[in-house]
Amino acid sequence: MERTLVILKPSAIQRGIIGEIIIRFEKKGLVLIGLKMVQLDDAILNIHYSHLAEKPYFKRVKNSMTACPVIVCCWEGKDAIEVVHNMAGATNGRNALPGTIRGDYSMSNQENIVHTSDSAETAQKELNLFFTNQELYNYQLAPIKYLYGEDEID
């Protein structure tokens with residue numbers, strides 16, 4: 001099973017849609033194995049968004065992400081990285097398809113509700129940045145046999 005990071009951004013927190021977003025991942029059949037609220041700061045954002053450091057909008061991204069605490073989640077499931085990333089939808093909420101999180105809740109490229117890992121390498125790096133091993137839990141949902149075929153369970 002794969003693990004992936006989801007950050008519920010300040011736009012989700014301020015709009016009071018935390019539960020609506022989490023329930024979508026739960027209903028899909030993903031397992032929540034880590035969750036916490038954190039106030040991001042420059043140090044962690046400089047690492048997390050290092051690929052944007054030279055962009056003219058980097059300061060705006062950091063301002064947005066420090067507007068209030070965020071919720072960081074670790075979700076687990078078969079092909080979880082791709083599943084979660086697809087559920088989020090296109091980065092720009094105006095371009096995201098209805099039925100995706102951004103398609104249903106966002107009209108913005110900046111204030112786009114969630115961050116999701118886009119690859120196995122990114123997921124591992126991001127999970128290590130936001131969680132310690134002690135903050136991630138291993139357990140199996142009781143209805144696992146109703147979520148996957150017998151040959152799909154690792």
# chains A, B, ... in the order shown; residues from 1 in each chain; ligands from 1
>>> residues_around(residues="Leu8 (chain A)", least_positions_apart="6", cutoff="12 Å", atoms="only C-alpha atoms", output="number ranges by chain")
A: 14-22, 35-40, 65, 68-74, 88, 101-102, 111-116
>>> residues_around(residues="Asn63 (chain A)", least_positions_apart="3", cutoff="12 Å", atoms="only C-alpha atoms", output="list in words")
Lys9, Pro10, Ser11, Leu40, Asp41, Asp42, Leu45, Asn46, Tyr57, Phe58, Lys59, Arg60, Thr66, Ala67, Cys68, Pro69, Gln110 and Glu111 of chain A
>>> write_last_selection(atoms="all heavy atoms", output="short mmCIF file (atom, residue, chain, number, x, y, z; two decimals), in the first residue's frame")
data_model
loop_
_atom_site.label_atom_id
_atom_site.label_comp_id
_atom_site.auth_asym_id
_atom_site.auth_seq_id
_atom_site.Cartn_x
_atom_site.Cartn_y
_atom_site.Cartn_z
N LYS A 9 -5.26 23.28 3.14
CA LYS A 9 -4.68 24.62 3.18
C LYS A 9 -5.56 25.59 3.98
O LYS A 9 -6.73 25.29 4.27
CB LYS A 9 -4.51 25.14 1.75
CG LYS A 9 -3.49 24.36 0.94
CD LYS A 9 -3.38 24.97 -0.45
CE LYS A 9 -2.27 24.34 -1.26
NZ LYS A 9 -2.10 25.01 -2.56
N PRO A 10 -5.02 26.78 4.29
CA PRO A 10 -5.82 27.77 5.00
C PRO A 10 -7.17 28.07 4.33
O PRO A 10 -8.16 28.33 5.02
CB PRO A 10 -4.91 29.01 5.02
CG PRO A 10 -3.54 28.41 5.11
CD PRO A 10 -3.61 27.21 4.18
N SER A 11 -7.23 27.99 3.01
CA SER A 11 -8.51 28.23 2.33
C SER A 11 -9.56 27.20 2.73
O SER A 11 -10.75 27.52 2.82
CB SER A 11 -8.32 28.28 0.81
OG SER A 11 -7.65 27.14 0.32
N LEU A 40 2.40 26.47 9.84
CA LEU A 40 3.61 26.45 9.01
C LEU A 40 4.39 27.74 9.20
O LEU A 40 3.82 28.79 9.51
CB LEU A 40 3.23 26.27 7.54
CG LEU A 40 2.44 24.98 7.22
CD1 LEU A 40 2.08 24.94 5.74
CD2 LEU A 40 3.23 23.76 7.62
N ASP A 41 5.71 27.65 9.01
CA ASP A 41 6.56 28.82 9.11
C ASP A 41 7.51 28.86 7.91
O ASP A 41 7.52 27.95 7.08
CB ASP A 41 7.33 28.83 10.43
CG ASP A 41 8.20 27.60 10.62
OD1 ASP A 41 8.59 26.94 9.63
OD2 ASP A 41 8.52 27.29 11.79
N ASP A 42 8.29 29.94 7.84
CA ASP A 42 9.22 30.11 6.71
C ASP A 42 10.16 28.93 6.54
O ASP A 42 10.42 28.51 5.42
CB ASP A 42 10.03 31.40 6.86
CG ASP A 42 9.33 32.62 6.31
OD1 ASP A 42 8.30 32.46 5.62
OD2 ASP A 42 9.82 33.73 6.55
N LEU A 45 8.30 25.98 4.97
CA LEU A 45 7.81 26.35 3.63
C LEU A 45 8.96 26.52 2.64
O LEU A 45 8.81 26.21 1.46
CB LEU A 45 6.96 27.61 3.69
CG LEU A 45 5.59 27.40 4.36
CD1 LEU A 45 4.91 28.74 4.61
CD2 LEU A 45 4.72 26.47 3.54
N ASN A 46 10.10 27.00 3.12
CA ASN A 46 11.27 27.12 2.23
C ASN A 46 11.73 25.75 1.74
O ASN A 46 12.21 25.62 0.61
CB ASN A 46 12.41 27.84 2.93
CG ASN A 46 12.16 29.33 3.06
OD1 ASN A 46 11.35 29.90 2.34
ND2 ASN A 46 12.84 29.96 4.00
N TYR A 57 5.97 34.76 -7.45
CA TYR A 57 4.83 34.59 -6.56
C TYR A 57 5.14 33.79 -5.29
O TYR A 57 4.25 33.50 -4.49
CB TYR A 57 3.66 33.93 -7.30
CG TYR A 57 4.00 32.64 -8.00
CD1 TYR A 57 3.98 31.43 -7.32
CD2 TYR A 57 4.36 32.62 -9.35
CE1 TYR A 57 4.30 30.24 -7.94
CE2 TYR A 57 4.68 31.44 -9.98
CZ TYR A 57 4.64 30.25 -9.27
OH TYR A 57 4.96 29.07 -9.91
N PHE A 58 6.41 33.45 -5.06
CA PHE A 58 6.78 32.63 -3.90
C PHE A 58 6.34 33.27 -2.58
O PHE A 58 5.79 32.60 -1.71
CB PHE A 58 8.29 32.37 -3.90
CG PHE A 58 8.77 31.46 -2.82
CD1 PHE A 58 8.18 30.22 -2.60
CD2 PHE A 58 9.84 31.82 -2.01
CE1 PHE A 58 8.63 29.37 -1.60
CE2 PHE A 58 10.30 30.97 -1.01
CZ PHE A 58 9.70 29.75 -0.81
N LYS A 59 6.54 34.55 -2.42
CA LYS A 59 6.15 35.25 -1.18
C LYS A 59 4.64 35.16 -0.98
O LYS A 59 4.17 34.94 0.14
CB LYS A 59 6.61 36.72 -1.25
CG LYS A 59 6.20 37.54 -0.06
CD LYS A 59 7.06 37.26 1.15
CE LYS A 59 6.80 38.30 2.21
NZ LYS A 59 6.58 37.73 3.51
N ARG A 60 3.89 35.27 -2.06
CA ARG A 60 2.43 35.18 -1.98
C ARG A 60 2.00 33.78 -1.53
O ARG A 60 1.08 33.63 -0.73
CB ARG A 60 1.81 35.54 -3.34
CG ARG A 60 0.32 35.58 -3.35
CD ARG A 60 -0.24 36.19 -4.64
NE ARG A 60 0.54 35.93 -5.82
CZ ARG A 60 0.24 35.00 -6.74
NH1 ARG A 60 -0.84 34.26 -6.60
NH2 ARG A 60 0.99 34.84 -7.81
N THR A 66 0.64 30.60 5.52
CA THR A 66 0.81 30.93 6.93
C THR A 66 -0.35 31.75 7.48
O THR A 66 -0.30 32.21 8.62
CB THR A 66 2.13 31.70 7.15
OG1 THR A 66 2.13 32.89 6.35
CG2 THR A 66 3.34 30.85 6.81
N ALA A 67 -1.41 31.91 6.71
CA ALA A 67 -2.55 32.72 7.13
C ALA A 67 -3.23 32.16 8.37
O ALA A 67 -3.79 32.91 9.17
CB ALA A 67 -3.55 32.84 5.98
N CYS A 68 -3.19 30.86 8.54
CA CYS A 68 -3.73 30.19 9.71
C CYS A 68 -3.14 28.78 9.73
O CYS A 68 -2.47 28.39 8.76
CB CYS A 68 -5.26 30.16 9.69
SG CYS A 68 -6.00 29.02 8.52
N PRO A 69 -3.37 28.01 10.77
CA PRO A 69 -2.86 26.63 10.77
C PRO A 69 -3.44 25.83 9.60
O PRO A 69 -4.50 26.17 9.06
CB PRO A 69 -3.34 26.06 12.11
CG PRO A 69 -3.56 27.26 12.96
CD PRO A 69 -4.03 28.34 12.04
N GLN A 110 -4.35 29.97 -6.54
CA GLN A 110 -3.63 30.12 -5.27
C GLN A 110 -4.39 29.47 -4.11
O GLN A 110 -3.85 28.64 -3.40
CB GLN A 110 -3.41 31.60 -4.97
CG GLN A 110 -2.79 31.89 -3.62
CD GLN A 110 -1.37 31.43 -3.53
OE1 GLN A 110 -0.57 31.77 -4.37
NE2 GLN A 110 -1.05 30.64 -2.53
N GLU A 111 -5.61 29.86 -3.92
CA GLU A 111 -6.43 29.37 -2.79
C GLU A 111 -7.20 28.15 -3.26
O GLU A 111 -8.41 28.15 -3.41
CB GLU A 111 -7.36 30.48 -2.30
CG GLU A 111 -6.65 31.75 -1.88
CD GLU A 111 -5.63 31.54 -0.77
OE1 GLU A 111 -5.82 30.62 0.07
OE2 GLU A 111 -4.64 32.29 -0.72
#
>>> closest_residue(among="A:Gly77, A:Thr4, A:Ile13, A:Asp104", to="Leu147 (chain A)", atoms="only C-alpha atoms")
A:Gly77
>>> residues_around(residues="region 139-144 of chain A", least_positions_apart="2", cutoff="9 Å", atoms="only C-alpha atoms", output="list of chain:residue names")
A:Gly29, A:Val31, A:Ile33, A:Tyr137, A:Tyr146, A:Leu147, A:Tyr148, A:Ile153
>>> residues_around(residues="Leu129 (chain A)", least_positions_apart="3", cutoff="10 Å", atoms="only C-alpha atoms", output="MDAnalysis selection string")
chainID A and resid 44 47:48 123:126 132
>>> write_last_selection(atoms="all heavy atoms", output="tab-separated table (two decimals), in the first residue's frame")
chain	number	residue	atom	x	y	z
A	44	ILE	N	9.91	25.66	7.23
A	44	ILE	CA	9.34	24.47	6.58
A	44	ILE	C	8.84	24.78	5.17
A	44	ILE	O	8.96	23.96	4.26
A	44	ILE	CB	8.24	23.83	7.46
A	44	ILE	CG1	8.02	22.37	7.03
A	44	ILE	CG2	6.96	24.62	7.43
A	44	ILE	CD1	7.31	21.54	8.06
A	47	ILE	N	11.57	24.74	2.57
A	47	ILE	CA	11.91	23.37	2.15
A	47	ILE	C	10.80	22.81	1.26
A	47	ILE	O	11.07	22.32	0.16
A	47	ILE	CB	12.12	22.47	3.38
A	47	ILE	CG1	13.32	22.95	4.20
A	47	ILE	CG2	12.30	21.01	2.96
A	47	ILE	CD1	13.43	22.31	5.58
A	48	HIS	N	9.57	22.89	1.74
A	48	HIS	CA	8.44	22.28	1.02
A	48	HIS	C	8.25	22.88	-0.38
A	48	HIS	O	7.97	22.15	-1.33
A	48	HIS	CB	7.16	22.44	1.84
A	48	HIS	CG	5.96	21.84	1.21
A	48	HIS	ND1	5.83	20.48	1.00
A	48	HIS	CD2	4.83	22.39	0.72
A	48	HIS	CE1	4.68	20.23	0.43
A	48	HIS	NE2	4.05	21.38	0.26
A	123	ALA	N	6.05	12.20	-2.37
A	123	ALA	CA	5.27	11.77	-1.21
A	123	ALA	C	6.19	11.39	-0.05
A	123	ALA	O	5.97	11.81	1.09
A	123	ALA	CB	4.36	10.60	-1.58
A	124	GLN	N	7.24	10.62	-0.35
A	124	GLN	CA	8.16	10.19	0.72
A	124	GLN	C	8.86	11.39	1.35
A	124	GLN	O	8.96	11.51	2.57
A	124	GLN	CB	9.19	9.21	0.17
A	124	GLN	CG	10.06	8.61	1.25
A	124	GLN	CD	9.24	7.83	2.28
A	124	GLN	OE1	8.49	6.94	1.95
A	124	GLN	NE2	9.39	8.20	3.54
A	125	LYS	N	9.33	12.29	0.50
A	125	LYS	CA	10.02	13.49	1.00
A	125	LYS	C	9.08	14.35	1.84
A	125	LYS	O	9.44	14.81	2.93
A	125	LYS	CB	10.56	14.30	-0.20
A	125	LYS	CG	11.36	15.51	0.19
A	125	LYS	CD	12.00	16.18	-1.02
A	125	LYS	CE	10.99	17.10	-1.66
A	125	LYS	NZ	11.53	17.94	-2.72
A	126	GLU	N	7.86	14.55	1.36
A	126	GLU	CA	6.91	15.40	2.07
A	126	GLU	C	6.45	14.75	3.38
A	126	GLU	O	6.33	15.43	4.41
A	126	GLU	CB	5.70	15.71	1.17
A	126	GLU	CG	6.07	16.62	0.03
A	126	GLU	CD	4.93	16.89	-0.93
A	126	GLU	OE1	3.93	16.13	-0.94
A	126	GLU	OE2	5.03	17.87	-1.69
A	132	THR	N	6.80	12.45	11.89
A	132	THR	CA	7.79	11.50	12.40
A	132	THR	C	7.20	10.11	12.25
A	132	THR	O	5.97	9.96	12.10
A	132	THR	CB	8.11	11.76	13.88
A	132	THR	OG1	6.94	11.47	14.66
A	132	THR	CG2	8.56	13.20	14.12
>>> residues_around(residues="Glu82 (chain A)", least_positions_apart="3", cutoff="12 Å", atoms="only C-alpha atoms", output="mmCIF file with C-alpha atoms, in the first residue's frame")
data_model
loop_
_atom_site.group_PDB
_atom_site.id
_atom_site.type_symbol
_atom_site.label_atom_id
_atom_site.label_comp_id
_atom_site.auth_asym_id
_atom_site.auth_seq_id
_atom_site.Cartn_x
_atom_site.Cartn_y
_atom_site.Cartn_z
ATOM 1 C CA GLU A 2 1.161 3.509 -0.799
ATOM 2 C CA ARG A 3 1.182 6.499 1.497
ATOM 3 C CA THR A 4 0.706 10.091 0.418
ATOM 4 C CA LEU A 5 0.512 13.552 1.936
ATOM 5 C CA LEU A 30 -8.346 5.419 1.758
ATOM 6 C CA TRP A 75 -3.496 8.655 3.571
ATOM 7 C CA GLU A 76 -2.792 5.055 2.671
ATOM 8 C CA GLY A 77 -4.217 2.779 -0.005
ATOM 9 C CA LYS A 78 -3.563 0.986 -3.265
ATOM 10 C CA ASP A 79 -2.107 3.572 -5.705
ATOM 11 C CA HIS A 85 -3.846 13.551 -6.729
ATOM 12 C CA ASN A 86 -6.663 12.812 -9.187
ATOM 13 C CA MET A 87 -9.302 13.439 -6.522
ATOM 14 C CA ALA A 88 -7.787 16.888 -5.915
ATOM 15 C CA GLY A 89 -8.144 17.909 -9.572
ATOM 16 C CA THR A 116 -1.294 16.607 -2.683
ATOM 17 C CA SER A 117 1.909 14.731 -3.433
ATOM 18 C CA ASP A 118 2.417 14.148 -7.154
ATOM 19 C CA SER A 119 4.842 11.194 -7.166
ATOM 20 C CA ALA A 120 6.257 8.467 -4.939
ATOM 21 C CA THR A 122 7.642 13.607 -3.555
ATOM 22 C CA ALA A 123 5.273 11.767 -1.206
#
>>> closest_residue(among="A:Tyr49, A:Val83, A:Gly149, A:Val61", to="Thr100 (chain A)", atoms="only C-alpha atoms")
A:Val83
>>> select_by_dssp(residues="region 6-110 of chain A", states="strand (DSSP E or B)", output="list in words")
Val6, Ile7, Leu8, Val31, Leu32, Ile33, Gly34, Leu35, Lys36, Met37, Val38, Val70, Ile71, Val72, Cys73, Cys74, Trp75, Glu76, Gly77, Pro98 and Thr100 of chain A
>>> select_by_dssp(residues="chain A", states="helix (DSSP H, G or I)", output="PyMOL selection string")
chain A and resi 10-15+18-28+42-48+50-52+58-65+80-88+101-105+120-130+133-135+142-146+150-152
>>> residues_around(residues="Asn92 (chain A)", least_positions_apart="2", cutoff="6 Å", atoms="only C-alpha atoms", output="ChimeraX atom specification")
/A:90,94-95,108-109
>>> atom_distance(atom1="CA of Asp151 (chain A)", atom2="CA of Ala80 (chain A)")
16.7 Å
>>> atom_distance(atom1="CA of Lys27 (chain A)", atom2="CA of Gly99 (chain A)")
13.5 Å
>>> atom_distance(atom1="CA of Leu136 (chain A)", atom2="CA of Glu150 (chain A)")
25.1 Å
>>> decode(residues="region 26-64 of chain A", atoms="C-alpha atoms", output="PDB file, in the first residue's frame")
ATOM      1  CA  GLU A  26     -12.632   8.090   3.598  1.00  0.00           C
ATOM      2  CA  LYS A  27     -15.553   7.297   1.301  1.00  0.00           C
ATOM      3  CA  LYS A  28     -13.105   6.483  -1.480  1.00  0.00           C
ATOM      4  CA  GLY A  29     -11.630   3.797   0.767  1.00  0.00           C
ATOM      5  CA  LEU A  30      -8.346   5.419   1.758  1.00  0.00           C
ATOM      6  CA  VAL A  31      -7.069   4.892   5.296  1.00  0.00           C
ATOM      7  CA  LEU A  32      -6.131   7.915   7.404  1.00  0.00           C
ATOM      8  CA  ILE A  33      -2.914   6.949   9.185  1.00  0.00           C
ATOM      9  CA  GLY A  34      -1.705  10.382  10.319  1.00  0.00           C
ATOM     10  CA  LEU A  35      -3.359  13.728  10.984  1.00  0.00           C
ATOM     11  CA  LYS A  36      -2.365  16.885  12.802  1.00  0.00           C
ATOM     12  CA  MET A  37      -2.883  20.639  12.776  1.00  0.00           C
ATOM     13  CA  VAL A  38       0.268  22.735  12.407  1.00  0.00           C
ATOM     14  CA  GLN A  39       1.172  26.359  11.917  1.00  0.00           C
ATOM     15  CA  LEU A  40       3.607  26.450   9.012  1.00  0.00           C
ATOM     16  CA  ASP A  41       6.560  28.824   9.106  1.00  0.00           C
ATOM     17  CA  ASP A  42       9.215  30.114   6.708  1.00  0.00           C
ATOM     18  CA  ALA A  43      11.645  27.323   7.553  1.00  0.00           C
ATOM     19  CA  ILE A  44       9.336  24.472   6.584  1.00  0.00           C
ATOM     20  CA  LEU A  45       7.810  26.347   3.626  1.00  0.00           C
ATOM     21  CA  ASN A  46      11.268  27.121   2.232  1.00  0.00           C
ATOM     22  CA  ILE A  47      11.908  23.374   2.150  1.00  0.00           C
ATOM     23  CA  HIS A  48       8.438  22.278   1.023  1.00  0.00           C
ATOM     24  CA  TYR A  49       8.202  24.847  -1.772  1.00  0.00           C
ATOM     25  CA  SER A  50      11.910  25.039  -2.636  1.00  0.00           C
ATOM     26  CA  HIS A  51      11.028  24.428  -6.297  1.00  0.00           C
ATOM     27  CA  LEU A  52       9.152  27.761  -6.257  1.00  0.00           C
ATOM     28  CA  ALA A  53      11.820  29.821  -4.462  1.00  0.00           C
ATOM     29  CA  GLU A  54      12.816  31.789  -7.558  1.00  0.00           C
ATOM     30  CA  LYS A  55       9.253  32.400  -8.755  1.00  0.00           C
ATOM     31  CA  PRO A  56       7.864  35.940  -8.424  1.00  0.00           C
ATOM     32  CA  TYR A  57       4.826  34.590  -6.559  1.00  0.00           C
ATOM     33  CA  PHE A  58       6.783  32.633  -3.903  1.00  0.00           C
ATOM     34  CA  LYS A  59       6.153  35.248  -1.183  1.00  0.00           C
ATOM     35  CA  ARG A  60       2.426  35.184  -1.980  1.00  0.00           C
ATOM     36  CA  VAL A  61       2.391  31.371  -1.635  1.00  0.00           C
ATOM     37  CA  LYS A  62       4.110  31.599   1.747  1.00  0.00           C
ATOM     38  CA  ASN A  63       1.736  34.340   2.918  1.00  0.00           C
ATOM     39  CA  SER A  64      -1.233  32.200   1.940  1.00  0.00           C
TER      40      SER A  64
END
